[in-house]
Amino acid sequence: MTDPRRKSTPRFRSAHWFDDKANADHTALYLERYFNFGLTREELQSGRPIVGIAQTGSDLTPCNRHHRELAQRVKDGIRDAGGIPMEFPVHPIFEQGRRPTAALDRNLATLGLIEILHGYPIDAVVLTTGCDKTTPATLMAALQLDIPAIVYSGGPMLNGWRPVSCDGGTDKEERVGSGAAIWQNRERLAKGELDYTGFMEASAASVPSVGHCNTMGTALSMNALAEVLGMSLPGCAAIPAPYKERAQMGYHTGRRIVEMAFENLKPSDILTRRSFLNAVVACSALGGSTNAVVHLLALARGMKDVNFTMDDWQQYGENIPLLVNCMPAGKYLGEEFYRAGGVPALLNQLIRDGLIDGSQNTVTGHSLAHNCEAFPVRNREVIFPTDKPLMEKAGFAIMRGNFFDSALMKKSVISPGFREKYLSDPRHPLCFTARAIVFEGPEDYRARIDDPALDIDEHCILVIRNVGPVGYPGSAEVVNMLPPARLVKRGINCLPTMGDGRQSGTSGSPSILHIVPESVTGGGLALLQTGDGIRVDLANHRVDLLLSDEALTERRRHLQGTQLVNQTPWQEIYRKTVSPLSTGAVMETDEEFIRVLDAHPVGRHSH
C-alpha cells in the first residue's frame, strides 16, 4: 500500500547537482567524481533522495566511536527504503579529551555541519550523536537549515561495577557510574584511600564498554531530550551501546529518514514552543544535566517564532518531581533506565498525569502520545510514580542577585546532608550565609585550595571566576570544587560553590552555576573578594553579596580588566561572537540564519 504521506514524484535539492539538463557541464562535473568509488549515474539520477550520515564517531571521540560500525546498519535501512546514503565526518567534540573545553567546539561543529549540509547534494540527514555536545551541535545545524533530520544516538555504556568487601568475607559489587566515578574517587584520593595508581584503576572500572556516560549526565540527558523533542524514534535514547537493539534502531532510523525526505518532514514541522516546554518538564523528571539548559536555549535560537527563555525553566520545570532513579541524583544507571522502559515509558506516564503535552508532532509523523502509548514502566525502583517521587520540586532554580543577572542551581542533587547543614535553619528556611573564598580559575583553585591561610571551613562558599564562555574560553566544567583535603578527611566532602562556568552533568554538587554576566565581560562576580559575605536564599531565588550599592560602585571604579590570551584563531573568533550562557552560548552574527534552505536552497555553482 502506498504511504499517503509520501510525495509521488518529489524533486530533491540534490537534483540541482546530479540532474540539471540545462547545465550539462556542471552536472557532469558534480557527477563524475562520485563514480570513482562505484556509484552509478543510474543511482544518482534516479530521483532518489541523497541521505547524509553526519558521522561524529572517531578515535578522538571514543564515546561515539562505535557509530563507525553502526553507520552500516543506518546505510542498510536507507538503501532498503529507497535512499542513497553518504557518510561524512563532523568536527570531533569529546568532553574529556578536548582542552580547554569541548564547549569551545560546539559552535564550530555546528558551523561546519551547516556548511556541509548546505553546500553538498544532501536531501536529508541522520545525526549520529552521543557524547555531550555532539547532540546539540548537530541538531543546531539541522534546525537552522530546516532540513529533514533525525537523531540516532549511540547509547550509554553498560553498567560499571566494583567489588565491595562485606562482613563475613563475601564479596559484593556496587554500581560505578561513568563520570561520577571521577568525582567520587577524588574524594577517596583526598582522604588517602587511593594513591595515583589506585585512582586510575578505580576510575577505569566505570568504563566497561563502548558508549557514552551511563549516568544521567549531559550525554544521556541530551539524547533523552532529543527524543522528548520528537527528533528521535521512540526508545532510541537509552538503548545501551552494545545491545543488539542499538544496531536495529540504526536500521529503523535509516528507513525512516528516507520516508521523511519523501514527506519533506522538517524540524519546523515538529518543534514548537510546547515541544521545548515538554523537554523542560522531562529534564526535571529525569534529574537531567544543568548543561541541558544551555543547549536547549541554543536550539530554540535556531527556530522561528519559538520564544523560549531561561525563565521557562523555573516556571515550567522547578516544581516537577524527580522520577528517574539514576545517578547522580539517584542510584541506578542507563542500563536499568532502558530496561525499565526508558524515555517512552517516562513520557507515557508524564502525558497520562497531565505534565506533558502528548499532541506534539515527532519524526515518526505521529504524536508523542501515539509513540509512547505501548511503553509501560517496567520497574518502579527506577521510574517512580508521579505521586510518589524520589523528590518533590526537583527542577532547576533560576537565581538572581545584586551582583549578577541570572544563575542556575540543580535542586535534584541537593543531598539530605547538604540540606540539613545549609538549608534547615528554622528562622531562615532554605537560606544560608557563607564567607566567600575566591579563585581566579581552576589553576588558582588547585594551587591554593589547601592553603591554611584561607582558613576554609564549613561556613565558606567556594567561588570560581574567569571560566565562562569568553573567559576560559568556552565555559569550563570546573564549578563543582572539592573542599580542602583536611575537611574531606573529616567527612565534609561538599561545600557550597558558585561560578560563571559550568559543571559536569555527572556531578552531584548543588552548585550555583552559569552566572551571567561573566566576570571578564564586566559581570559583578569580578567584584567579589575573599572574605565577603554571601547570602543564598533558595526560597526566593536570590544570591546577594552583603555589601552596599555604594561599596559595589567603589569596587567597580577600581576594577581592572582581565588579560585574555587567544591560543588559536578559533578562540579569537569564538570570543568575539559567543553569546552568554543565559541565551545558549551561540554565535551572534550580523544576520539571522533561520530556515536557511527556504531562502537559499542551493549555493552558486562551483565552476
# chains A, B, ... in the order shown; residues from 1 in each chain; ligands from 1

call {"tool": "select_by_dssp", "arguments": {"residues": "range 300-457 of chain A", "states": "strand (DSSP E)", "output": "PyMOL selection string"}}
result
chain A and resi 396-399+406-410+431-439

call {"tool": "residues_around", "arguments": {"residues": "range 587-596 of chain A", "least_positions_apart": "6", "cutoff": "12 Å", "atoms": "only C-alpha atoms", "output": "ChimeraX atom specification"}}
result
/A:104-111,114-115,117-119,137,140-148,266-269,298-306,469-470,474,573-581,602-603

call {"tool": "atom_distance", "arguments": {"atom1": "CA of Val207 in chain A", "atom2": "CA of Leu225 in chain A"}}
result
23.4 Å

call {"tool": "residues_around", "arguments": {"residues": "Lys393 in chain A", "least_positions_apart": "4", "cutoff": "10 Å", "atoms": "only C-alpha atoms", "output": "short mmCIF file (atom, residue, chain, number, x, y, z; two decimals) with all heavy atoms, in the first residue's frame"}}
result
data_model
loop_
_atom_site.label_atom_id
_atom_site.label_comp_id
_atom_site.auth_asym_id
_atom_site.auth_seq_id
_atom_site.Cartn_x
_atom_site.Cartn_y
_atom_site.Cartn_z
N SER A 284 13.52 17.80 34.31
CA SER A 284 13.36 17.77 35.77
C SER A 284 13.05 16.37 36.25
O SER A 284 13.60 15.89 37.25
CB SER A 284 12.26 18.74 36.19
OG SER A 284 12.60 20.07 35.87
N ALA A 285 12.14 15.68 35.56
CA ALA A 285 11.76 14.32 35.95
C ALA A 285 12.92 13.35 35.81
O ALA A 285 13.04 12.40 36.59
CB ALA A 285 10.57 13.86 35.11
N GLY A 317 9.53 24.05 35.04
CA GLY A 317 10.31 22.90 35.44
C GLY A 317 10.63 22.76 36.90
O GLY A 317 10.85 21.66 37.40
N GLU A 318 10.66 23.89 37.65
CA GLU A 318 11.17 23.82 39.02
C GLU A 318 10.31 22.94 39.92
O GLU A 318 10.82 22.21 40.77
CB GLU A 318 11.27 25.22 39.63
CG GLU A 318 11.95 25.18 41.00
CD GLU A 318 11.94 26.52 41.71
OE1 GLU A 318 11.24 27.43 41.26
OE2 GLU A 318 12.63 26.63 42.74
N ASN A 319 9.01 22.96 39.75
CA ASN A 319 8.11 22.22 40.65
C ASN A 319 7.82 20.80 40.18
O ASN A 319 6.97 20.11 40.77
CB ASN A 319 6.80 22.99 40.82
CG ASN A 319 7.01 24.29 41.58
OD1 ASN A 319 7.86 24.38 42.45
ND2 ASN A 319 6.25 25.31 41.24
N ILE A 320 8.49 20.34 39.14
CA ILE A 320 8.30 18.98 38.65
C ILE A 320 9.07 18.01 39.55
O ILE A 320 10.21 18.27 39.94
CB ILE A 320 8.80 18.86 37.19
CG1 ILE A 320 8.01 19.82 36.29
CG2 ILE A 320 8.69 17.43 36.69
CD1 ILE A 320 6.52 19.57 36.27
N PRO A 321 8.48 16.86 39.89
CA PRO A 321 9.18 15.91 40.76
C PRO A 321 10.25 15.12 40.02
O PRO A 321 10.18 14.92 38.80
CB PRO A 321 8.05 14.98 41.23
CG PRO A 321 7.04 15.02 40.11
CD PRO A 321 7.10 16.43 39.57
N LEU A 322 11.24 14.65 40.77
CA LEU A 322 12.26 13.75 40.25
C LEU A 322 11.68 12.33 40.23
O LEU A 322 11.27 11.80 41.26
CB LEU A 322 13.50 13.80 41.14
CG LEU A 322 14.63 12.81 40.80
CD1 LEU A 322 15.21 13.10 39.42
CD2 LEU A 322 15.72 12.85 41.87
N PRO A 389 7.25 10.39 44.20
CA PRO A 389 8.54 10.58 43.54
C PRO A 389 9.72 10.40 44.47
O PRO A 389 9.57 10.29 45.69
CB PRO A 389 8.45 12.03 43.06
CG PRO A 389 7.61 12.70 44.12
CD PRO A 389 6.60 11.67 44.54
N ALA A 397 16.48 25.83 39.78
CA ALA A 397 16.11 27.15 40.28
C ALA A 397 16.91 28.19 39.52
O ALA A 397 18.13 28.08 39.42
CB ALA A 397 16.38 27.24 41.78
N LYS A 411 18.34 21.47 41.83
CA LYS A 411 17.79 21.10 43.14
C LYS A 411 17.77 19.60 43.38
O LYS A 411 17.80 19.15 44.52
CB LYS A 411 16.39 21.68 43.28
CG LYS A 411 16.37 23.21 43.33
CD LYS A 411 14.98 23.78 43.15
CE LYS A 411 14.05 23.37 44.28
NZ LYS A 411 12.71 23.97 44.10
N SER A 412 17.72 18.81 42.31
CA SER A 412 17.59 17.36 42.50
C SER A 412 18.83 16.72 43.09
O SER A 412 18.77 15.58 43.55
CB SER A 412 17.25 16.68 41.17
OG SER A 412 18.31 16.81 40.24
#

call {"tool": "select_by_dssp", "arguments": {"residues": "range 8-164 of chain A", "states": "alpha helix (DSSP H)", "output": "JSON, numbers by chain"}}
result
{"A": [15, 16, 17, 18, 24, 25, 26, 27, 28, 29, 30, 31, 32, 41, 42, 43, 44, 67, 68, 69, 70, 71, 72, 73, 74, 75, 76, 77, 78, 79, 80, 103, 104, 105, 106, 107, 108, 109, 110, 111, 112, 113, 114, 115, 116, 117, 118, 119, 134, 135, 136, 137, 138, 139, 140, 141, 142, 143, 144, 145]}

call {"tool": "residues_around", "arguments": {"residues": "Ile150 in chain A", "least_positions_apart": "2", "cutoff": "7 Å", "atoms": "only C-alpha atoms", "output": "list in words"}}
result
Val125, Val126, Leu127, Tyr152, Met231, Ser232, Ile257 and Val363 of chain A

call {"tool": "closest_residue", "arguments": {"among": "A:Cys460, A:Leu113, A:Leu277, A:Leu495", "to": "His91 in chain A", "atoms": "only C-alpha atoms"}}
result
A:Leu113

call {"tool": "closest_residue", "arguments": {"among": "A:Ser511, A:Gln529, A:Thr583, A:Gln248", "to": "Leu559 in chain A", "atoms": "only C-alpha atoms"}}
result
A:Gln529

call {"tool": "residues_around", "arguments": {"residues": "Val293 in chain A", "least_positions_apart": "5", "cutoff": "8 Å", "atoms": "only C-alpha atoms", "output": "PyMOL selection string"}}
result
chain A and resi 310+313+584

call {"tool": "write_last_selection", "arguments": {"atoms": "C-alpha atoms", "output": "PDB file, in the first residue's frame"}}
result
ATOM      1  CA  MET A 310      15.729  30.909  30.973  1.00  0.00           C
ATOM      2  CA  TRP A 313      12.954  26.555  33.185  1.00  0.00           C
ATOM      3  CA  GLY A 584      22.577  29.476  24.758  1.00  0.00           C
TER       4      GLY A 584
END

call {"tool": "closest_residue", "arguments": {"among": "A:Arg98, A:His67, A:Arg256, A:Arg79", "to": "Val210 in chain A", "atoms": "only C-alpha atoms"}}
result
A:His67

call {"tool": "residues_around", "arguments": {"residues": "Ile182 in chain A", "least_positions_apart": "4", "cutoff": "8 Å", "atoms": "only C-alpha atoms", "output": "list in words"}}
result
Ser178, Arg186 and Ser203 of chain A

call {"tool": "write_last_selection", "arguments": {"atoms": "N, CA, C and O atoms", "output": "short mmCIF file (atom, residue, chain, number, x, y, z; two decimals), in the first residue's frame"}}
result
data_model
loop_
_atom_site.label_atom_id
_atom_site.label_comp_id
_atom_site.auth_asym_id
_atom_site.auth_seq_id
_atom_site.Cartn_x
_atom_site.Cartn_y
_atom_site.Cartn_z
N SER A 178 29.95 6.15 35.14
CA SER A 178 30.99 6.85 34.40
C SER A 178 30.85 8.35 34.61
O SER A 178 29.76 8.89 34.70
N ARG A 186 38.05 11.31 43.54
CA ARG A 186 38.90 12.40 44.02
C ARG A 186 38.71 12.62 45.52
O ARG A 186 39.63 13.05 46.21
N SER A 203 38.95 4.44 38.56
CA SER A 203 38.21 5.21 37.56
C SER A 203 37.95 4.38 36.32
O SER A 203 36.90 4.48 35.68
#

call {"tool": "closest_atom_pairs", "arguments": {"of": "range 83-104 of chain A", "to": "range 47-61 of chain A", "cutoff": "8 Å", "atoms": "only C-alpha atoms", "output": "JSON lines"}}
result
{"residue": "A:Gly83", "atom": "CA", "partner": "A:Pro49", "partner_atom": "CA", "distance": 5.1}
{"residue": "A:Ile84", "atom": "CA", "partner": "A:Ile50", "partner_atom": "CA", "distance": 4.9}
{"residue": "A:Pro85", "atom": "CA", "partner": "A:Val51", "partner_atom": "CA", "distance": 4.9}
{"residue": "A:Met86", "atom": "CA", "partner": "A:Gly52", "partner_atom": "CA", "distance": 4.8}
{"residue": "A:Glu87", "atom": "CA", "partner": "A:Ile53", "partner_atom": "CA", "distance": 4.5}
{"residue": "A:Phe88", "atom": "CA", "partner": "A:Ala54", "partner_atom": "CA", "distance": 5.6}
{"residue": "A:Pro89", "atom": "CA", "partner": "A:Gln55", "partner_atom": "CA", "distance": 4.7}
{"residue": "A:Val90", "atom": "CA", "partner": "A:Thr56", "partner_atom": "CA", "distance": 5.2}
{"residue": "A:His91", "atom": "CA", "partner": "A:Thr56", "partner_atom": "CA", "distance": 7.2}
{"residue": "A:Pro92", "atom": "CA", "partner": "A:Thr61", "partner_atom": "CA", "distance": 6.2}
{"residue": "A:Ile93", "atom": "CA", "partner": "A:Thr61", "partner_atom": "CA", "distance": 6.4}
{"residue": "A:Phe94", "atom": "CA", "partner": "A:Thr61", "partner_atom": "CA", "distance": 5.0}
{"residue": "A:Gly97", "atom": "CA", "partner": "A:Leu60", "partner_atom": "CA", "distance": 7.7}

call {"tool": "closest_residue", "arguments": {"among": "A:Leu513, A:Ala124, A:Ala149, A:Leu390", "to": "Gly330 in chain A", "atoms": "only C-alpha atoms"}}
result
A:Leu390

call {"tool": "decode", "arguments": {"residues": "range 320-332 of chain A", "atoms": "all heavy atoms", "output": "tab-separated table (two decimals), in the first residue's frame"}}
result
chain	number	residue	atom	x	y	z
A	320	ILE	N	8.49	20.34	39.14
A	320	ILE	CA	8.30	18.98	38.65
A	320	ILE	C	9.07	18.01	39.55
A	320	ILE	O	10.21	18.27	39.94
A	320	ILE	CB	8.80	18.86	37.19
A	320	ILE	CG1	8.01	19.82	36.29
A	320	ILE	CG2	8.69	17.43	36.69
A	320	ILE	CD1	6.52	19.57	36.27
A	321	PRO	N	8.48	16.86	39.89
A	321	PRO	CA	9.18	15.91	40.76
A	321	PRO	C	10.25	15.12	40.02
A	321	PRO	O	10.18	14.92	38.80
A	321	PRO	CB	8.05	14.98	41.23
A	321	PRO	CG	7.04	15.02	40.11
A	321	PRO	CD	7.10	16.43	39.57
A	322	LEU	N	11.24	14.65	40.77
A	322	LEU	CA	12.26	13.75	40.25
A	322	LEU	C	11.68	12.33	40.23
A	322	LEU	O	11.27	11.80	41.26
A	322	LEU	CB	13.50	13.80	41.14
A	322	LEU	CG	14.63	12.81	40.80
A	322	LEU	CD1	15.21	13.10	39.42
A	322	LEU	CD2	15.72	12.85	41.87
A	323	LEU	N	11.67	11.72	39.05
A	323	LEU	CA	11.04	10.40	38.91
A	323	LEU	C	12.03	9.30	38.52
A	323	LEU	O	11.78	8.13	38.79
A	323	LEU	CB	9.93	10.45	37.84
A	323	LEU	CG	8.80	11.46	38.10
A	323	LEU	CD1	7.81	11.43	36.95
A	323	LEU	CD2	8.12	11.18	39.43
A	324	VAL	N	13.14	9.66	37.89
A	324	VAL	CA	14.09	8.65	37.41
A	324	VAL	C	15.23	8.49	38.41
A	324	VAL	O	15.95	9.45	38.70
A	324	VAL	CB	14.63	9.03	36.02
A	324	VAL	CG1	15.69	8.03	35.56
A	324	VAL	CG2	13.48	9.07	35.00
A	325	ASN	N	15.38	7.30	38.91
A	325	ASN	CA	16.35	6.99	39.96
A	325	ASN	C	17.68	6.62	39.32
A	325	ASN	O	18.09	5.46	39.29
A	325	ASN	CB	15.81	5.84	40.81
A	325	ASN	CG	16.64	5.59	42.05
A	325	ASN	OD1	17.54	6.35	42.36
A	325	ASN	ND2	16.34	4.52	42.77
A	326	CYS	N	18.36	7.63	38.79
A	326	CYS	CA	19.59	7.42	38.04
A	326	CYS	C	20.67	8.37	38.55
A	326	CYS	O	20.37	9.53	38.86
A	326	CYS	CB	19.32	7.66	36.55
A	326	CYS	SG	20.57	7.03	35.43
A	327	MET	N	21.90	7.90	38.66
A	327	MET	CA	23.00	8.76	39.09
A	327	MET	C	23.11	9.96	38.15
A	327	MET	O	22.87	9.84	36.96
A	327	MET	CB	24.32	7.99	39.05
A	327	MET	CG	24.40	6.83	40.02
A	327	MET	SD	26.06	6.05	39.86
A	327	MET	CE	25.77	4.52	40.74
A	328	PRO	N	23.48	11.15	38.67
A	328	PRO	CA	23.98	11.42	40.02
A	328	PRO	C	22.90	11.71	41.06
A	328	PRO	O	23.20	11.76	42.24
A	328	PRO	CB	24.84	12.66	39.80
A	328	PRO	CG	24.19	13.38	38.69
A	328	PRO	CD	23.68	12.31	37.77
A	329	ALA	N	21.63	11.91	40.64
A	329	ALA	CA	20.59	12.20	41.62
A	329	ALA	C	20.06	10.94	42.28
A	329	ALA	O	19.48	11.01	43.37
A	329	ALA	CB	19.43	12.96	40.95
A	330	GLY	N	20.24	9.78	41.66
A	330	GLY	CA	19.75	8.51	42.19
A	330	GLY	C	20.84	7.48	42.27
A	330	GLY	O	22.02	7.81	42.40
A	331	LYS	N	20.47	6.19	42.13
A	331	LYS	CA	21.48	5.13	42.34
A	331	LYS	C	21.66	4.20	41.14
A	331	LYS	O	22.62	3.43	41.11
A	331	LYS	CB	21.13	4.31	43.57
A	331	LYS	CG	19.93	3.39	43.44
A	331	LYS	CD	19.79	2.51	44.71
A	331	LYS	CE	18.66	1.49	44.58
A	331	LYS	NZ	18.59	0.61	45.76
A	332	TYR	N	20.76	4.22	40.17
A	332	TYR	CA	20.88	3.31	39.04
A	332	TYR	C	21.56	4.00	37.86
A	332	TYR	O	21.93	5.18	37.93
A	332	TYR	CB	19.50	2.77	38.65
A	332	TYR	CG	18.90	1.86	39.69
A	332	TYR	CD1	17.84	2.30	40.48
A	332	TYR	CD2	19.40	0.58	39.90
A	332	TYR	CE1	17.29	1.47	41.45
A	332	TYR	CE2	18.86	-0.25	40.88
A	332	TYR	CZ	17.80	0.20	41.65
A	332	TYR	OH	17.26	-0.62	42.61
